[in-house]
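Chemist: Structure provided below as structure tokens; questions to follow.
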Amino acid sequence: MPRYSFKVDRCPPEEGYGWVLRYFEDDWEIPGYEVFSAPHDVGWMKRVEYENAKFAGELWVEEMIAAYGGDSGGRPESESDSTQLSFKLDEW
């Protein structure tokens, strides 16, 4: 059974400010990604865009499971790691 997940990371500097949402099936990244951008000096908007990216990833996982079966692997749907969760929006 396939396992679906996603990861939300900061945009690379060349992409601007915001978040990149990437999708995975069985730990293989699916080509393509979504960018959720925000102005660099609007902290509340960066938080909102992060939540939007996370919500979009959760919806995608649910849609894939409903359409093709599988699961989220028993792990959190967002592939958390120490670098992903250690940001401070006001310092960005």
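Chains: A, B, ... in order of the structure tokens. Residues: from 1 per chain. Ligands: from 1, in order shown.
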Give me, as an MDAnalysis selection string, all polymer residues having an atom no more than 12 Å from Glu62 of chain A, counting only C-alpha atoms and skipping those fewer than 2 positions away in the same chain.
Modeler: chainID A and resid 3:6 55:60 64:72 77
Chemist: Among segment 3-83 of chain A, which residues does DSSP mark as helix (DSSP H, G or I) when it is run on the backbone? Keep the chain and numbering as in the structure and answer as a VMD selection string.
Modeler: chain A and resid 13 to 15 43 to 68
Chemist: One number please: atom CA of Phe24 of chain A to atom CA of Met45 of chain A, in Å, one decimal.
Modeler: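 One can read the atom CA of Phe24 of chain A to atom CA of Met45 of chain A distance as 26.2 Å.
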Chemist: Just the strand (DSSP E) stuff from segment 33-63 of chain A, please, per backbone DSSP, written as an MDAnalysis selection string.
Modeler: chainID A and resid 33:37
Chemist: Produce a file of the selected residues containing N, CA and C atoms, as a tab-separated table (two decimals), in the first residue's frame.
Modeler:
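For reference, selection30.tsv as written:
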```tsv
chain	number	residue	atom	x	y	z
A	33	TYR	N	6.00	21.30	-7.20
A	33	TYR	CA	5.78	21.81	-5.86
A	33	TYR	C	4.89	23.04	-5.95
A	34	GLU	N	4.40	23.49	-4.81
A	34	GLU	CA	3.58	24.70	-4.74
A	34	GLU	C	4.30	25.71	-3.86
A	35	VAL	N	4.21	26.98	-4.24
A	35	VAL	CA	4.81	28.05	-3.47
A	35	VAL	C	3.70	28.89	-2.85
A	36	PHE	N	3.81	29.13	-1.56
A	36	PHE	CA	2.88	29.98	-0.82
A	36	PHE	C	3.70	31.19	-0.38
A	37	SER	N	3.54	32.31	-1.06
A	37	SER	CA	4.41	33.46	-0.81
A	37	SER	C	3.73	34.55	0.00
```
Chemist: Rounded to one decimal in Å, what is the spacing between atom CA of Met1 of chain A and atom CA of Leu21 of chain A?
Modeler: 23.1 Å
Chemist: Can you pull out every residue within 7 Å of Tyr17 of chain A, counting only C-alpha atoms, but drop anything in the same chain fewer than 4 positions away, and send it as JSON, numbers by chain?
Modeler: {"A": [11, 37, 38, 39, 40]}
Chemist: Could you please determine the separation between atom CA of Glu49 of chain A and atom CA of Trp19 of chain A in Å, to one decimal place?
Modeler: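 Value for the atom CA of Glu49 of chain A-atom CA of Trp19 of chain A distance: 7.2 Å.
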